[in-house]
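Trainee: Data: start26.cif, mmCIF, N, CA and C atoms.
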data_start
#
loop_
_atom_site.label_atom_id
_atom_site.label_comp_id
_atom_site.auth_asym_id
_atom_site.auth_seq_id
_atom_site.Cartn_x
_atom_site.Cartn_y
_atom_site.Cartn_z
N MET W 133 -272.28 -190.49 48.06
CA MET W 133 -272.61 -189.16 48.54
C MET W 133 -271.88 -188.92 49.87
N HIS W 134 -271.36 -187.73 50.04
CA HIS W 134 -270.72 -187.37 51.31
C HIS W 134 -271.79 -186.83 52.26
N ILE W 135 -271.81 -187.37 53.48
CA ILE W 135 -272.77 -186.89 54.49
C ILE W 135 -272.01 -186.53 55.76
N ASN W 136 -272.67 -185.76 56.61
CA ASN W 136 -272.14 -185.51 57.94
C ASN W 136 -273.30 -185.50 58.92
N GLY W 137 -273.01 -185.91 60.13
CA GLY W 137 -274.06 -186.00 61.13
C GLY W 137 -273.52 -185.73 62.52
N ALA W 138 -274.45 -185.66 63.46
CA ALA W 138 -274.08 -185.39 64.85
C ALA W 138 -275.24 -185.78 65.76
N CYS W 139 -274.89 -186.01 67.01
CA CYS W 139 -275.94 -186.22 68.01
C CYS W 139 -276.60 -184.87 68.29
N HIS W 140 -277.68 -184.87 69.04
CA HIS W 140 -278.43 -183.65 69.31
C HIS W 140 -277.59 -182.60 70.05
N CYS W 141 -276.76 -183.04 71.01
CA CYS W 141 -275.97 -182.08 71.78
C CYS W 141 -274.64 -181.71 71.11
N GLY W 142 -274.25 -182.42 70.06
CA GLY W 142 -273.04 -182.11 69.33
C GLY W 142 -271.77 -182.74 69.87
N LYS W 143 -271.87 -183.56 70.92
CA LYS W 143 -270.69 -184.20 71.51
C LYS W 143 -270.05 -185.20 70.55
N ILE W 144 -270.87 -185.86 69.72
CA ILE W 144 -270.36 -186.84 68.77
C ILE W 144 -270.73 -186.37 67.36
N THR W 145 -269.73 -186.29 66.50
CA THR W 145 -269.94 -185.92 65.11
C THR W 145 -269.31 -186.98 64.22
N TYR W 146 -269.77 -187.04 62.98
CA TYR W 146 -269.18 -187.98 62.04
C TYR W 146 -269.42 -187.51 60.62
N GLU W 147 -268.64 -188.09 59.72
CA GLU W 147 -268.86 -187.89 58.29
C GLU W 147 -268.57 -189.21 57.61
N ALA W 148 -269.18 -189.40 56.44
CA ALA W 148 -269.04 -190.67 55.74
C ALA W 148 -269.39 -190.51 54.27
N GLU W 149 -268.98 -191.49 53.51
CA GLU W 149 -269.43 -191.66 52.14
C GLU W 149 -270.48 -192.76 52.18
N VAL W 150 -271.64 -192.51 51.58
CA VAL W 150 -272.72 -193.49 51.59
C VAL W 150 -273.26 -193.68 50.18
N ASP W 151 -273.90 -194.79 49.98
CA ASP W 151 -274.54 -195.12 48.70
C ASP W 151 -276.02 -194.79 48.83
N LEU W 152 -276.53 -193.93 47.98
CA LEU W 152 -277.95 -193.55 48.04
C LEU W 152 -278.89 -194.73 47.81
N ASN W 153 -278.39 -195.80 47.23
CA ASN W 153 -279.20 -197.00 47.04
C ASN W 153 -279.21 -197.91 48.26
N ALA W 154 -278.46 -197.53 49.30
CA ALA W 154 -278.36 -198.34 50.51
C ALA W 154 -279.15 -197.74 51.67
N VAL W 155 -280.26 -197.07 51.37
CA VAL W 155 -281.11 -196.48 52.40
C VAL W 155 -282.32 -197.38 52.58
N SER W 156 -282.60 -197.77 53.83
CA SER W 156 -283.74 -198.64 54.07
C SER W 156 -284.47 -198.25 55.34
N MET W 157 -285.71 -198.69 55.42
CA MET W 157 -286.54 -198.50 56.61
C MET W 157 -286.72 -199.86 57.26
N CYS W 158 -286.60 -199.91 58.57
CA CYS W 158 -286.82 -201.16 59.30
C CYS W 158 -288.03 -200.99 60.21
N HIS W 159 -288.96 -201.93 60.09
CA HIS W 159 -290.19 -201.89 60.89
C HIS W 159 -290.16 -202.88 62.05
N CYS W 160 -289.02 -203.52 62.32
CA CYS W 160 -289.00 -204.52 63.39
C CYS W 160 -289.33 -203.87 64.73
N THR W 161 -289.82 -204.67 65.65
CA THR W 161 -290.23 -204.11 66.94
C THR W 161 -289.04 -203.60 67.74
N ASP W 162 -287.85 -204.17 67.54
CA ASP W 162 -286.66 -203.64 68.21
C ASP W 162 -286.39 -202.21 67.74
N CYS W 163 -286.44 -201.98 66.43
CA CYS W 163 -286.21 -200.62 65.91
C CYS W 163 -287.29 -199.66 66.38
N GLN W 164 -288.52 -200.13 66.48
CA GLN W 164 -289.58 -199.27 66.98
C GLN W 164 -289.28 -198.85 68.42
N THR W 165 -288.87 -199.81 69.25
CA THR W 165 -288.58 -199.49 70.65
C THR W 165 -287.34 -198.63 70.79
N LEU W 166 -286.26 -199.01 70.10
CA LEU W 166 -285.00 -198.28 70.26
C LEU W 166 -285.02 -196.88 69.64
N SER W 167 -285.90 -196.65 68.65
CA SER W 167 -286.00 -195.32 68.07
C SER W 167 -287.10 -194.49 68.72
N GLY W 168 -288.01 -195.15 69.43
CA GLY W 168 -289.11 -194.44 70.06
C GLY W 168 -290.18 -194.02 69.07
N THR W 169 -290.24 -194.67 67.91
CA THR W 169 -291.22 -194.32 66.89
C THR W 169 -291.61 -195.55 66.08
N ALA W 170 -292.27 -195.38 64.96
CA ALA W 170 -292.86 -196.48 64.21
C ALA W 170 -291.89 -197.27 63.35
N PHE W 171 -290.75 -196.70 63.01
CA PHE W 171 -289.74 -197.39 62.20
C PHE W 171 -288.42 -196.64 62.33
N ARG W 172 -287.36 -197.25 61.80
CA ARG W 172 -286.06 -196.60 61.79
C ARG W 172 -285.56 -196.58 60.36
N THR W 173 -284.95 -195.46 59.94
CA THR W 173 -284.37 -195.33 58.61
C THR W 173 -282.86 -195.30 58.76
N VAL W 174 -282.17 -196.12 57.95
CA VAL W 174 -280.72 -196.24 58.04
C VAL W 174 -280.09 -196.18 56.66
N VAL W 175 -278.81 -195.81 56.62
CA VAL W 175 -278.01 -195.88 55.41
C VAL W 175 -276.69 -196.55 55.79
N SER W 176 -276.23 -197.44 54.95
CA SER W 176 -274.99 -198.17 55.24
C SER W 176 -273.76 -197.36 54.88
N ALA W 177 -272.73 -197.52 55.71
CA ALA W 177 -271.41 -196.92 55.44
C ALA W 177 -270.35 -197.95 55.81
N LYS W 178 -269.33 -198.01 54.99
CA LYS W 178 -268.21 -198.92 55.27
C LYS W 178 -267.28 -198.27 56.28
N LYS W 179 -266.63 -199.10 57.07
CA LYS W 179 -265.70 -198.64 58.11
C LYS W 179 -264.69 -197.64 57.57
N GLU W 180 -264.12 -197.94 56.41
CA GLU W 180 -263.08 -197.07 55.86
C GLU W 180 -263.62 -195.73 55.35
N ASP W 181 -264.95 -195.64 55.23
CA ASP W 181 -265.58 -194.41 54.74
C ASP W 181 -266.22 -193.59 55.86
N LEU W 182 -266.00 -193.99 57.12
CA LEU W 182 -266.63 -193.33 58.27
C LEU W 182 -265.55 -192.75 59.18
N LYS W 183 -265.69 -191.46 59.51
CA LYS W 183 -264.79 -190.79 60.44
C LYS W 183 -265.63 -190.23 61.59
N VAL W 184 -265.30 -190.61 62.82
CA VAL W 184 -266.08 -190.24 64.00
C VAL W 184 -265.23 -189.41 64.96
N THR W 185 -265.84 -188.37 65.54
CA THR W 185 -265.23 -187.59 66.60
C THR W 185 -266.11 -187.74 67.83
N GLY W 186 -265.53 -188.14 68.93
CA GLY W 186 -266.29 -188.37 70.16
C GLY W 186 -266.43 -189.86 70.41
N GLU W 187 -266.85 -190.21 71.61
CA GLU W 187 -266.95 -191.61 72.03
C GLU W 187 -268.40 -191.95 72.39
N PRO W 188 -269.07 -192.73 71.54
CA PRO W 188 -270.45 -193.11 71.87
C PRO W 188 -270.50 -194.19 72.94
N LYS W 189 -271.63 -194.34 73.55
CA LYS W 189 -271.92 -195.47 74.43
C LYS W 189 -272.50 -196.55 73.53
N VAL W 190 -272.25 -197.80 73.87
CA VAL W 190 -272.72 -198.92 73.04
C VAL W 190 -273.56 -199.87 73.88
N TYR W 191 -274.69 -200.26 73.32
CA TYR W 191 -275.58 -201.24 73.92
C TYR W 191 -275.65 -202.42 72.96
N ILE W 192 -275.41 -203.63 73.44
CA ILE W 192 -275.48 -204.83 72.61
C ILE W 192 -276.87 -205.44 72.77
N LYS W 193 -277.60 -205.52 71.66
CA LYS W 193 -278.93 -206.13 71.69
C LYS W 193 -278.88 -207.46 70.94
N THR W 194 -279.77 -208.36 71.32
CA THR W 194 -279.91 -209.63 70.63
C THR W 194 -281.21 -209.59 69.85
N ALA W 195 -281.13 -209.77 68.54
CA ALA W 195 -282.31 -209.72 67.67
C ALA W 195 -283.10 -211.03 67.74
N GLU W 196 -284.28 -211.02 67.16
CA GLU W 196 -285.13 -212.21 67.08
C GLU W 196 -284.38 -213.37 66.44
N SER W 197 -283.49 -213.05 65.50
CA SER W 197 -282.70 -214.06 64.79
C SER W 197 -281.61 -214.67 65.67
N GLY W 198 -281.32 -214.03 66.79
CA GLY W 198 -280.22 -214.45 67.64
C GLY W 198 -278.94 -213.67 67.39
N ASN W 199 -278.91 -212.91 66.30
CA ASN W 199 -277.74 -212.08 65.98
C ASN W 199 -277.63 -210.94 66.98
N LYS W 200 -276.41 -210.58 67.29
CA LYS W 200 -276.16 -209.46 68.20
C LYS W 200 -275.79 -208.23 67.38
N ARG W 201 -276.26 -207.06 67.83
CA ARG W 201 -275.97 -205.79 67.17
C ARG W 201 -275.51 -204.79 68.22
N ALA W 202 -274.45 -204.08 67.91
CA ALA W 202 -273.95 -203.02 68.78
C ALA W 202 -274.66 -201.72 68.39
N GLN W 203 -275.43 -201.19 69.29
CA GLN W 203 -276.20 -199.96 69.07
C GLN W 203 -275.43 -198.80 69.70
N ALA W 204 -274.96 -197.85 68.89
CA ALA W 204 -274.19 -196.71 69.40
C ALA W 204 -275.08 -195.49 69.56
N PHE W 205 -274.90 -194.80 70.67
CA PHE W 205 -275.68 -193.59 70.93
C PHE W 205 -274.87 -192.64 71.79
N CYS W 206 -275.27 -191.38 71.82
CA CYS W 206 -274.57 -190.39 72.62
C CYS W 206 -274.85 -190.64 74.10
N PRO W 207 -273.81 -190.70 74.94
CA PRO W 207 -274.03 -190.93 76.36
C PRO W 207 -274.66 -189.73 77.07
N ASP W 208 -274.61 -188.56 76.46
CA ASP W 208 -275.19 -187.36 77.09
C ASP W 208 -276.63 -187.11 76.68
N CYS W 209 -276.90 -187.03 75.37
CA CYS W 209 -278.25 -186.68 74.92
C CYS W 209 -279.07 -187.90 74.48
N GLY W 210 -278.43 -189.05 74.30
CA GLY W 210 -279.15 -190.27 73.96
C GLY W 210 -279.46 -190.48 72.49
N THR W 211 -279.00 -189.59 71.61
CA THR W 211 -279.29 -189.71 70.18
C THR W 211 -278.76 -191.04 69.64
N PRO W 212 -279.62 -191.85 68.99
CA PRO W 212 -279.13 -193.06 68.33
C PRO W 212 -278.30 -192.67 67.11
N LEU W 213 -277.11 -193.28 66.95
CA LEU W 213 -276.19 -192.88 65.89
C LEU W 213 -276.00 -193.94 64.82
N TRP W 214 -275.75 -195.20 65.22
CA TRP W 214 -275.55 -196.28 64.26
C TRP W 214 -275.63 -197.62 64.96
N ALA W 215 -275.63 -198.67 64.15
CA ALA W 215 -275.52 -200.05 64.65
C ALA W 215 -274.52 -200.77 63.77
N THR W 216 -273.88 -201.76 64.37
CA THR W 216 -272.91 -202.59 63.66
C THR W 216 -272.79 -203.90 64.41
N THR W 217 -271.98 -204.80 63.92
CA THR W 217 -271.75 -206.04 64.65
C THR W 217 -270.85 -205.73 65.85
N PRO W 218 -271.00 -206.48 66.93
CA PRO W 218 -270.14 -206.23 68.10
C PRO W 218 -268.67 -206.56 67.84
N THR W 219 -268.42 -207.45 66.90
CA THR W 219 -267.05 -207.82 66.52
C THR W 219 -266.85 -207.45 65.06
N ASP W 220 -265.69 -207.49 64.53
CA ASP W 220 -265.38 -207.26 63.13
C ASP W 220 -266.27 -206.19 62.48
N GLN W 221 -266.21 -205.00 63.01
CA GLN W 221 -267.07 -203.90 62.57
C GLN W 221 -266.62 -203.35 61.23
N GLN W 222 -267.25 -203.81 60.15
CA GLN W 222 -266.90 -203.40 58.80
C GLN W 222 -267.95 -202.49 58.16
N THR W 223 -269.22 -202.69 58.54
CA THR W 223 -270.32 -201.91 57.98
C THR W 223 -271.15 -201.32 59.12
N PHE W 224 -271.55 -200.07 58.96
CA PHE W 224 -272.31 -199.36 59.98
C PHE W 224 -273.64 -198.92 59.39
N GLY W 225 -274.73 -199.16 60.10
CA GLY W 225 -276.05 -198.68 59.71
C GLY W 225 -276.27 -197.34 60.38
N LEU W 226 -275.96 -196.26 59.67
CA LEU W 226 -276.09 -194.92 60.22
C LEU W 226 -277.56 -194.53 60.33
N ARG W 227 -277.94 -193.96 61.43
CA ARG W 227 -279.32 -193.53 61.67
C ARG W 227 -279.56 -192.23 60.91
N VAL W 228 -280.45 -192.28 59.96
CA VAL W 228 -280.68 -191.14 59.06
C VAL W 228 -281.13 -189.88 59.82
N GLY W 229 -281.82 -190.04 60.92
CA GLY W 229 -282.29 -188.87 61.68
C GLY W 229 -281.18 -188.00 62.22
N ALA W 230 -279.96 -188.53 62.37
CA ALA W 230 -278.84 -187.76 62.89
C ALA W 230 -277.95 -187.21 61.78
N ILE W 231 -278.36 -187.43 60.53
CA ILE W 231 -277.57 -186.97 59.37
C ILE W 231 -278.15 -185.66 58.86
N LYS W 232 -277.31 -184.68 58.64
CA LYS W 232 -277.77 -183.36 58.19
C LYS W 232 -278.45 -183.41 56.82
N GLN W 233 -278.03 -184.29 55.95
CA GLN W 233 -278.60 -184.40 54.60
C GLN W 233 -279.74 -185.42 54.54
N ARG W 234 -280.44 -185.63 55.65
CA ARG W 234 -281.48 -186.67 55.73
C ARG W 234 -282.58 -186.52 54.68
N ASP W 235 -282.85 -185.29 54.23
CA ASP W 235 -283.89 -185.09 53.23
C ASP W 235 -283.51 -185.70 51.88
N GLN W 236 -282.24 -185.96 51.66
CA GLN W 236 -281.77 -186.55 50.40
C GLN W 236 -281.64 -188.08 50.47
N LEU W 237 -281.83 -188.65 51.65
CA LEU W 237 -281.67 -190.09 51.86
C LEU W 237 -283.03 -190.78 51.82
N VAL W 238 -283.50 -191.02 50.64
CA VAL W 238 -284.83 -191.60 50.41
C VAL W 238 -284.72 -193.12 50.47
N PRO W 239 -285.53 -193.77 51.30
CA PRO W 239 -285.47 -195.23 51.40
C PRO W 239 -285.77 -195.92 50.07
N LYS W 240 -285.01 -196.99 49.83
CA LYS W 240 -285.18 -197.80 48.62
C LYS W 240 -285.85 -199.14 48.93
N ARG W 241 -285.91 -199.51 50.23
CA ARG W 241 -286.57 -200.75 50.61
C ARG W 241 -287.03 -200.66 52.06
N GLN W 242 -287.97 -201.54 52.39
CA GLN W 242 -288.47 -201.67 53.75
C GLN W 242 -288.26 -203.12 54.19
N VAL W 243 -287.81 -203.30 55.42
CA VAL W 243 -287.62 -204.65 55.95
C VAL W 243 -288.47 -204.83 57.20
N TRP W 244 -288.71 -206.08 57.56
CA TRP W 244 -289.57 -206.46 58.68
C TRP W 244 -290.96 -205.82 58.55
N ALA W 245 -291.47 -205.81 57.33
CA ALA W 245 -292.77 -205.19 57.05
C ALA W 245 -293.90 -205.84 57.83
N ARG W 246 -293.73 -207.09 58.25
CA ARG W 246 -294.80 -207.75 59.01
C ARG W 246 -295.09 -207.02 60.32
N SER W 247 -294.12 -206.22 60.82
CA SER W 247 -294.29 -205.47 62.06
C SER W 247 -294.67 -204.01 61.83
N ALA W 248 -294.83 -203.62 60.57
CA ALA W 248 -295.15 -202.22 60.26
C ALA W 248 -296.48 -201.81 60.88
N GLN W 249 -296.55 -200.59 61.34
CA GLN W 249 -297.79 -200.06 61.89
C GLN W 249 -298.80 -199.84 60.76
N GLY W 250 -300.00 -200.34 60.92
CA GLY W 250 -301.03 -200.26 59.90
C GLY W 250 -301.41 -198.84 59.52
N TRP W 251 -301.27 -197.91 60.44
CA TRP W 251 -301.69 -196.53 60.19
C TRP W 251 -300.72 -195.75 59.30
N LEU W 252 -299.54 -196.31 59.01
CA LEU W 252 -298.58 -195.59 58.16
C LEU W 252 -299.17 -195.25 56.79
N SER W 253 -300.01 -196.12 56.26
CA SER W 253 -300.60 -195.87 54.93
C SER W 253 -301.61 -194.72 54.96
N GLN W 254 -301.99 -194.27 56.12
CA GLN W 254 -302.99 -193.21 56.25
C GLN W 254 -302.36 -191.82 56.47
N LEU W 255 -301.05 -191.71 56.45
CA LEU W 255 -300.40 -190.43 56.76
C LEU W 255 -300.86 -189.28 55.87
N GLY W 256 -301.13 -189.57 54.61
CA GLY W 256 -301.57 -188.51 53.69
C GLY W 256 -302.90 -187.90 54.06
N SER W 257 -303.72 -188.60 54.83
CA SER W 257 -305.04 -188.09 55.18
C SER W 257 -305.11 -187.46 56.57
N ILE W 258 -303.99 -187.44 57.29
CA ILE W 258 -303.97 -186.89 58.65
C ILE W 258 -303.66 -185.40 58.58
N THR W 259 -304.32 -184.61 59.43
CA THR W 259 -304.09 -183.18 59.49
C THR W 259 -302.60 -182.89 59.65
N ARG W 260 -302.12 -181.91 58.89
CA ARG W 260 -300.70 -181.57 58.89
C ARG W 260 -300.52 -180.11 59.27
N LEU W 261 -299.70 -179.85 60.27
CA LEU W 261 -299.36 -178.49 60.70
C LEU W 261 -297.88 -178.29 60.42
N GLU W 262 -297.49 -177.14 59.92
CA GLU W 262 -296.09 -176.88 59.58
C GLU W 262 -295.18 -176.75 60.80
N LYS W 263 -295.73 -176.39 61.96
CA LYS W 263 -295.00 -176.39 63.21
C LYS W 263 -296.01 -176.48 64.34
N GLN W 264 -295.53 -176.79 65.55
CA GLN W 264 -296.44 -176.93 66.67
C GLN W 264 -297.07 -175.60 67.02
N GLN W 265 -298.35 -175.62 67.37
CA GLN W 265 -299.06 -174.37 67.70
C GLN W 265 -298.71 -173.90 69.07
#
Could you render the structure as structure tokens?

Mentor:
Amino acid sequence: MHINGACHCGKITYEAEVDLNAVSMCHCTDCQTLSGTAFRTVVSAKKEDLKVTGEPKVYIKTAESGNKRAQAFCPDCGTPLWATTPTDQQTFGLRVGAIKQRDQLVPKRQVWARSAQGWLSQLGSITRLEKQQ
């Protein structure tokens, strides 16, 4: 599927070809902290299928496993854009929230479920408003 995305302020834009079967949710505590919410949803894109306009800022984090990940985000508005390895960048985990077609990117798996927030299973019973009052 062809997708396009951008940071909130529009300084960084991108487009890519992605596999709809490569959409996942991560519940690890790093993703919770770096996204500012309960989980992060990503879709994989290969380097040759990703075209970027603009220059993101990169933060290198060390995961619980000891692996390092380069976290790219807009230096102006702070929108998280993707993660990849700090070296030999062949695959990018695009942040679904910055993709315009996000409603079509349905997760196929969840990882780090041991860190998932227990209240996620209760979302269907929580009051829902279509917009803020």

Trainee: For the PyMOL selection byres (((chain W and resi 215 and name CA) around 8) and name CA), applied here, can you spell out every residue it catches as number ranges by chain?

Mentor: W: 201-204, 213-214, 216-217, 224-226

Trainee: Could you tell me how far atom N of Arg260 of chain W sits from atom CA of Gln164 of chain W, in Å to one decimal place?

Mentor: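 Distance between the two atoms: 22.9 Å.
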
Trainee: Can you list, as a list in words, the residues that the PyMOL selection byres ((chain W and resi 238) around 8) selects here?

Mentor: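 Output of the PyMOL selection byres ((chain W and resi 238) around 8): Leu152, Asn153, Ala154, Val155, Ser156, Met157, Gln233, Arg234, Asp235, Gln236, Leu237, Pro239, Lys240 and Arg241 of chain W.
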
Trainee: Can you write out the residues you just picked, keeping N, CA and C atoms, as a JSON list (two decimals), keeping the file's coordinate frame?

Mentor:
[["chain", "number", "residue", "atom", "x", "y", "z"],
["W", 152, "LEU", "N", -276.53, -193.93, 47.98],
["W", 152, "LEU", "CA", -277.95, -193.55, 48.04],
["W", 152, "LEU", "C", -278.89, -194.73, 47.81],
["W", 153, "ASN", "N", -278.39, -195.80, 47.23],
["W", 153, "ASN", "CA", -279.20, -197.00, 47.04],
["W", 153, "ASN", "C", -279.21, -197.91, 48.26],
["W", 154, "ALA", "N", -278.46, -197.53, 49.30],
["W", 154, "ALA", "CA", -278.36, -198.34, 50.51],
["W", 154, "ALA", "C", -279.15, -197.74, 51.67],
["W", 155, "VAL", "N", -280.26, -197.07, 51.37],
["W", 155, "VAL", "CA", -281.11, -196.48, 52.40],
["W", 155, "VAL", "C", -282.32, -197.38, 52.58],
["W", 156, "SER", "N", -282.60, -197.77, 53.83],
["W", 156, "SER", "CA", -283.74, -198.64, 54.07],
["W", 156, "SER", "C", -284.47, -198.25, 55.34],
["W", 157, "MET", "N", -285.71, -198.69, 55.42],
["W", 157, "MET", "CA", -286.54, -198.50, 56.61],
["W", 157, "MET", "C", -286.72, -199.86, 57.26],
["W", 233, "GLN", "N", -278.03, -184.29, 55.95],
["W", 233, "GLN", "CA", -278.60, -184.40, 54.60],
["W", 233, "GLN", "C", -279.74, -185.42, 54.54],
["W", 234, "ARG", "N", -280.44, -185.63, 55.65],
["W", 234, "ARG", "CA", -281.48, -186.67, 55.73],
["W", 234, "ARG", "C", -282.58, -186.52, 54.68],
["W", 235, "ASP", "N", -282.85, -185.29, 54.23],
["W", 235, "ASP", "CA", -283.89, -185.09, 53.23],
["W", 235, "ASP", "C", -283.51, -185.70, 51.88],
["W", 236, "GLN", "N", -282.24, -185.96, 51.66],
["W", 236, "GLN", "CA", -281.77, -186.55, 50.40],
["W", 236, "GLN", "C", -281.64, -188.08, 50.47],
["W", 237, "LEU", "N", -281.83, -188.65, 51.65],
["W", 237, "LEU", "CA", -281.67, -190.09, 51.86],
["W", 237, "LEU", "C", -283.03, -190.78, 51.82],
["W", 239, "PRO", "N", -285.53, -193.77, 51.30],
["W", 239, "PRO", "CA", -285.47, -195.23, 51.40],
["W", 239, "PRO", "C", -285.77, -195.92, 50.07],
["W", 240, "LYS", "N", -285.01, -196.99, 49.83],
["W", 240, "LYS", "CA", -285.18, -197.80, 48.62],
["W", 240, "LYS", "C", -285.85, -199.14, 48.93],
["W", 241, "ARG", "N", -285.91, -199.51, 50.23],
["W", 241, "ARG", "CA", -286.57, -200.75, 50.61],
["W", 241, "ARG", "C", -287.03, -200.66, 52.06]]

Trainee: Which one is closest to Gln221 of chain W: W:Ala248, W:Leu182, W:Leu255, W:Cys206? Count only C-alpha atoms.

Mentor: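 Using only C-alpha atoms, the shortest distance to Gln221 of chain W belongs to W:Leu182.
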
Trainee: Between atom C of Lys178 of chain W and atom N of Ile144 of chain W, what is the distance in Å, rounded to a tenth?

Mentor: 18.6 Å

Trainee: Figure out the distance between atom C of Ser247 of chain W and atom CA of Glu196 of chain W, please, to one decimal in Å.

Mentor: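 Distance between the two atoms: 13.6 Å.
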
Trainee: On this file, the PyMOL selection byres (((chain W and resi 181 and name CA) around 10) and name CA) gives some set of residues; write that set as a VMD selection string.

Mentor: chain W and resid 134 147 to 150 177 to 180 182 to 183 222 to 224

Trainee: Store the residues picked out above in a file with N, CA and C atoms, as a PDB file, in the coordinates of the input.

Mentor:
ATOM      1  N   HIS W 134    -271.360-187.730  50.040  1.00  0.00           N
ATOM      2  CA  HIS W 134    -270.720-187.370  51.310  1.00  0.00           C
ATOM      3  C   HIS W 134    -271.790-186.830  52.260  1.00  0.00           C
ATOM      4  N   GLU W 147    -268.640-188.090  59.720  1.00  0.00           N
ATOM      5  CA  GLU W 147    -268.860-187.890  58.290  1.00  0.00           C
ATOM      6  C   GLU W 147    -268.570-189.210  57.610  1.00  0.00           C
ATOM      7  N   ALA W 148    -269.180-189.400  56.440  1.00  0.00           N
ATOM      8  CA  ALA W 148    -269.040-190.670  55.740  1.00  0.00           C
ATOM      9  C   ALA W 148    -269.390-190.510  54.270  1.00  0.00           C
ATOM     10  N   GLU W 149    -268.980-191.490  53.510  1.00  0.00           N
ATOM     11  CA  GLU W 149    -269.430-191.660  52.140  1.00  0.00           C
ATOM     12  C   GLU W 149    -270.480-192.760  52.180  1.00  0.00           C
ATOM     13  N   VAL W 150    -271.640-192.510  51.580  1.00  0.00           N
ATOM     14  CA  VAL W 150    -272.720-193.490  51.590  1.00  0.00           C
ATOM     15  C   VAL W 150    -273.260-193.680  50.180  1.00  0.00           C
ATOM     16  N   ALA W 177    -272.730-197.520  55.710  1.00  0.00           N
ATOM     17  CA  ALA W 177    -271.410-196.920  55.440  1.00  0.00           C
ATOM     18  C   ALA W 177    -270.350-197.950  55.810  1.00  0.00           C
ATOM     19  N   LYS W 178    -269.330-198.010  54.990  1.00  0.00           N
ATOM     20  CA  LYS W 178    -268.210-198.920  55.270  1.00  0.00           C
ATOM     21  C   LYS W 178    -267.280-198.270  56.280  1.00  0.00           C
ATOM     22  N   LYS W 179    -266.630-199.100  57.070  1.00  0.00           N
ATOM     23  CA  LYS W 179    -265.700-198.640  58.110  1.00  0.00           C
ATOM     24  C   LYS W 179    -264.690-197.640  57.570  1.00  0.00           C
ATOM     25  N   GLU W 180    -264.120-197.940  56.410  1.00  0.00           N
ATOM     26  CA  GLU W 180    -263.080-197.070  55.860  1.00  0.00           C
ATOM     27  C   GLU W 180    -263.620-195.730  55.350  1.00  0.00           C
ATOM     28  N   LEU W 182    -266.000-193.990  57.120  1.00  0.00           N
ATOM     29  CA  LEU W 182    -266.630-193.330  58.270  1.00  0.00           C
ATOM     30  C   LEU W 182    -265.550-192.750  59.180  1.00  0.00           C
ATOM     31  N   LYS W 183    -265.690-191.460  59.510  1.00  0.00           N
ATOM     32  CA  LYS W 183    -264.790-190.790  60.440  1.00  0.00           C
ATOM     33  C   LYS W 183    -265.630-190.230  61.590  1.00  0.00           C
ATOM     34  N   GLN W 222    -267.250-203.810  60.150  1.00  0.00           N
ATOM     35  CA  GLN W 222    -266.900-203.400  58.800  1.00  0.00           C
ATOM     36  C   GLN W 222    -267.950-202.490  58.160  1.00  0.00           C
ATOM     37  N   THR W 223    -269.220-202.690  58.540  1.00  0.00           N
ATOM     38  CA  THR W 223    -270.320-201.910  57.980  1.00  0.00           C
ATOM     39  C   THR W 223    -271.150-201.320  59.120  1.00  0.00           C
ATOM     40  N   PHE W 224    -271.550-200.070  58.960  1.00  0.00           N
ATOM     41  CA  PHE W 224    -272.310-199.360  59.980  1.00  0.00           C
ATOM     42  C   PHE W 224    -273.640-198.920  59.390  1.00  0.00           C
TER      43      PHE W 224
END

Trainee: Going by DSSP on the backbone, which residues of segment 139-245 of chain W come out as strand (DSSP E)? List them as a PyMOL selection string.

Mentor: chain W and resi 145-149+155-158+172-178+182-185+189-194+200-205+212-216+223-227+241-243

Trainee: Choose the residue, out of W:Pro212, W:Thr169, W:Cys141, W:Thr161, that has the smallest atom-to-atom separation from Val228 of chain W; count all atoms listed in the file.

Mentor: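 Answer, going by the shortest atom-to-atom distance: W:Pro212.
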
Trainee: I'd like the contact shell of Cys158 of chain W - 5 Å cut-off, all atoms listed in the file, skipping same-chain residues fewer than 4 positions apart - returned as a list in words.

Mentor: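 Surrounding residues, per the criterion: Phe171, Arg172, Thr173 and Val243 of chain W.
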
Trainee: Between W:Cys163, W:Cys139, W:Ala245, W:Ala170, which one has atoms that come closest to Thr185 of chain W, using only C-alpha atoms?

Mentor: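 Selected residue with least distance to Thr185 of chain W: W:Cys139.
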
Trainee: Using DSSP secondary structure from the backbone, list all alpha helix (DSSP H) positions within chain W, as a list in words.

Mentor: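 Matching residues, listed in order: Thr161, Asp162, Cys163, Gln164, Thr165, Leu166 and Ser167 of chain W.
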
Trainee: Extract, using only N, CA and C atoms, all DNA, RNA and protein residues at most 7 Å from Lys143 of chain W, discarding same-chain residues fewer than 5 positions from it, and format them as a CSV table (one decimal) with N, CA and C atoms, keeping the file's coordinate frame.

Mentor:
chain,number,residue,atom,x,y,z
W,138,ALA,N,-274.4,-185.7,63.5
W,138,ALA,CA,-274.1,-185.4,64.8
W,138,ALA,C,-275.2,-185.8,65.8
W,185,THR,N,-265.8,-188.4,65.5
W,185,THR,CA,-265.2,-187.6,66.6
W,185,THR,C,-266.1,-187.7,67.8
W,186,GLY,N,-265.5,-188.1,68.9
W,186,GLY,CA,-266.3,-188.4,70.2
W,186,GLY,C,-266.4,-189.9,70.4
W,187,GLU,N,-266.8,-190.2,71.6
W,187,GLU,CA,-267.0,-191.6,72.0
W,187,GLU,C,-268.4,-192.0,72.4

Trainee: Which residue gives the smallest distance to Asp162 of chain W among W:Thr194, W:Tyr146, W:Met133, W:Ile231, with only C-alpha atoms counted?

Mentor: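 So, comparing all the options, the nearest one is W:Thr194.
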